[in-house]
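A.B. asks: One structure is given below, represented as structure tokens, and several questions about it will come after.
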Amino acid sequence: MISRMKFAIIDVGSNSVRLMLWADGKTLYKKIITTRLGENLAESNVLSESAIERTLAAIQTFCKEAKTEDARIFAFATAAVRSAKNRAEFCKRVKENCKIELDVVSGSEEAQLGIFGALGNADGGIIDIGGASTELCFRKGGATVFSESIDIGAVLLFDLCKDDKRKLTEKIKQKLFLIDGINLAGNICAIGGTASTLASIKLGLTKYDPNKLQHVRLTVRWVEETAERLLSMTVSERKQISGMDPSRADVIAGAAYLLSEIMKTICCESVAFSDRDNLEGYLAVRGLV
């Protein structure tokens with residue numbers, strides 16, 4: 001592979017569409033557009049027309065930018081697309097409107113993208129809370145010892161439970177039986193929008209800075225206390241918090257609560273945020289670099 005090759009990787013997620021521009025062995029920058037593709041998916045199992053149009057517009061914007069950068073474009077989609085009844089129709093429209101093929105990854109593949117992005121070949125694990133699913137992947141002695149994709153995430157939780165702690169507790173408990181009793185404490189990274197928002201809140205950042213956020217450590221106690229605080233606030237009040245991503249203010253409370261419950265379930269005392277995630281992981285797993 002030519003080292004100076006430039007790549008644009010587009011992640012079509014359940015909450016947002018993200019772009020990474022990569023060249024010369026490093027990430028040049030990342031951008032994000034919140035489109036809520038997975039909105040109301042929990043009830044209908046269908047991607048809504050309004051969500052599709054928002055997402056297509058975001059993909060088109062990033063494809064246009066990638067072409068101005070003379071970058072090779074690759075795009076992949078995660079839980080919202082893979083679980084939707086109209087998945088094939090959506091992929092067809094992406095191809096027609098954006099002139100690219102959308103690679104719909106499985107839950108197990110998504111977990112691998114996350115761990116390779118955050119850790120490369122090193123041992124450790126990742127927790128990736130997305131919009132419609134959560135991936136956990138752990139590696140020891142160079143081999144994957146646990147990998148699971150759980151069909152619960154920030155947008156899905158909000159659609160089903162809003163900020164009702166009783167409903168959140170019940171729904172999360174139903175899903176976390178898959179990891180109940182598993183002790184996976186160790187070098188654990190948290191990736192994705194929930195983790196980045198919590199890390200930004202921890203530092204009180206007014207502007208996202210990956211260099212400052214990389215490796216920020218979040219203890220289970222801090223995450224639990226922060227989740228409780230967020231659940232007690234209105235969305236307007238949350239938007240006033242230094243470090244809050246306004247586009248996530250409605251879904252962040254339930255997602256933070258989910259992270260705290262996962263950490264307690266697997267006996268994880270703390271996680272380190274990683275800005276390196278499934279975007280970098282896609283390059284590695286697909287053999288592009």
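So you can find residues: chains in the structure tokens are A, B, ... in the order shown, residues in each start at 1, and ligands are numbered from 1 in order.
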Which of range 3-185 of chain A counts as strand (DSSP E or B) under DSSP, as a ChimeraX atom specification please?

C.D. replies: /A:7-12,16-23,26-34,72-77,102-104,124-129,134-140,143-150

A.B. asks: Taking 2 positions as the minimum chain separation for residues in the same chain, which residues sit within 12 Å of Thr27 in chain A when counting only C-alpha atoms? Answer as a list in words.

C.D. replies: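 Everything that qualifies: Lys6, Phe7, Ala8, Ile9, Leu19, Met20, Leu21, Trp22, Ala23, Asp24, Gly25, Tyr29, Lys30, Lys31, Gly117, Pro210, Asn211, Asp275, Arg276, Asp277, Leu279, Glu280, Gly281 and Leu283 of chain A.
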
A.B. asks: Quick one: residues within 8 Å of range 181-193 of chain A, only C-alpha atoms, excluding same-chain residues fewer than 5 positions away - as an NGL selection string?

C.D. replies: :A and (114 or 118 or 123-130 or 138 or 265-277)

A.B. asks: Could you check the closest approach to Lys207 in chain A for each of A:Gln60, A:Ser50, A:Ser242, A:Asn121 and tell me which residue wins, using only C-alpha atoms?

C.D. replies: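 The answer is A:Ser242, which sits nearest to Lys207 in chain A.
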
A.B. asks: Give me the residues near Thr194 in chain A as a ChimeraX atom specification, where near means some atom within 10 Å (using only C-alpha atoms) and where sequence neighbours in that chain fewer than 4 positions away do not count.

C.D. replies: /A:128-131,153-154,190,198-200,245,248,251-256,258-259

A.B. asks: Need to verify the contact set: range 170-178 of chain A, 9 Å, only C-alpha atoms, exclusion of same-chain residues closer than 6 positions in sequence. Can you return it as a list of chain:residue names?

C.D. replies: A:Glu148, A:Ile150, A:Asp151, A:Ile152, A:Leu157, A:Leu160, A:Cys161, A:Leu258, A:Glu261, A:Ile262, A:Thr265

A.B. asks: Quick one: pick out all alpha helix (DSSP H) residues within range 108-168 of chain A from a backbone DSSP run and write them as a VMD selection string.

C.D. replies: chain A and resid 108 to 119 154 to 161 165 to 168

A.B. asks: Separation of CA of Ile32 in chain A and CA of Ala122 in chain A, in Å?

C.D. replies: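 CA of Ala122 in chain A lies 27.4 Å from CA of Ile32 in chain A.
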
A.B. asks: CA of Leu213 in chain A and CA of Tyr282 in chain A, how far apart in Å?

C.D. replies: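 Between these atoms lies a distance of 21.4 Å.
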
A.B. asks: For CA of Ser14 in chain A and CA of Ser133 in chain A, determine how far apart the two atoms are, in Å to one decimal place.

C.D. replies: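 Distance reported for this atom pair: 8.5 Å.
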
A.B. asks: When you count only C-alpha atoms, which of these residues is closest to Gly107 in chain A: A:Asp164, A:Glu89, A:Asp159, A:Glu135?

C.D. replies: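 Comparing A:Asp164, A:Glu89, A:Asp159, A:Glu135 against Gly107 in chain A, the winner is A:Glu135.
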
A.B. asks: Counting only C-alpha atoms, which of A:Leu37, A:Ala79, A:Ala195, A:Ile10 gets nearest to Glu49 in chain A?

C.D. replies: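 Among the listed residues, the smallest separation from Glu49 in chain A belongs to A:Leu37.
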
A.B. asks: Would you pick out the contacts of Ile241 in chain A at 9 Å or less, using only C-alpha atoms, so that residues sharing its chain but fewer than 4 positions from it are not included, and give the list as an NGL selection string?

C.D. replies: :A and (201 or 204 or 237 or 245)
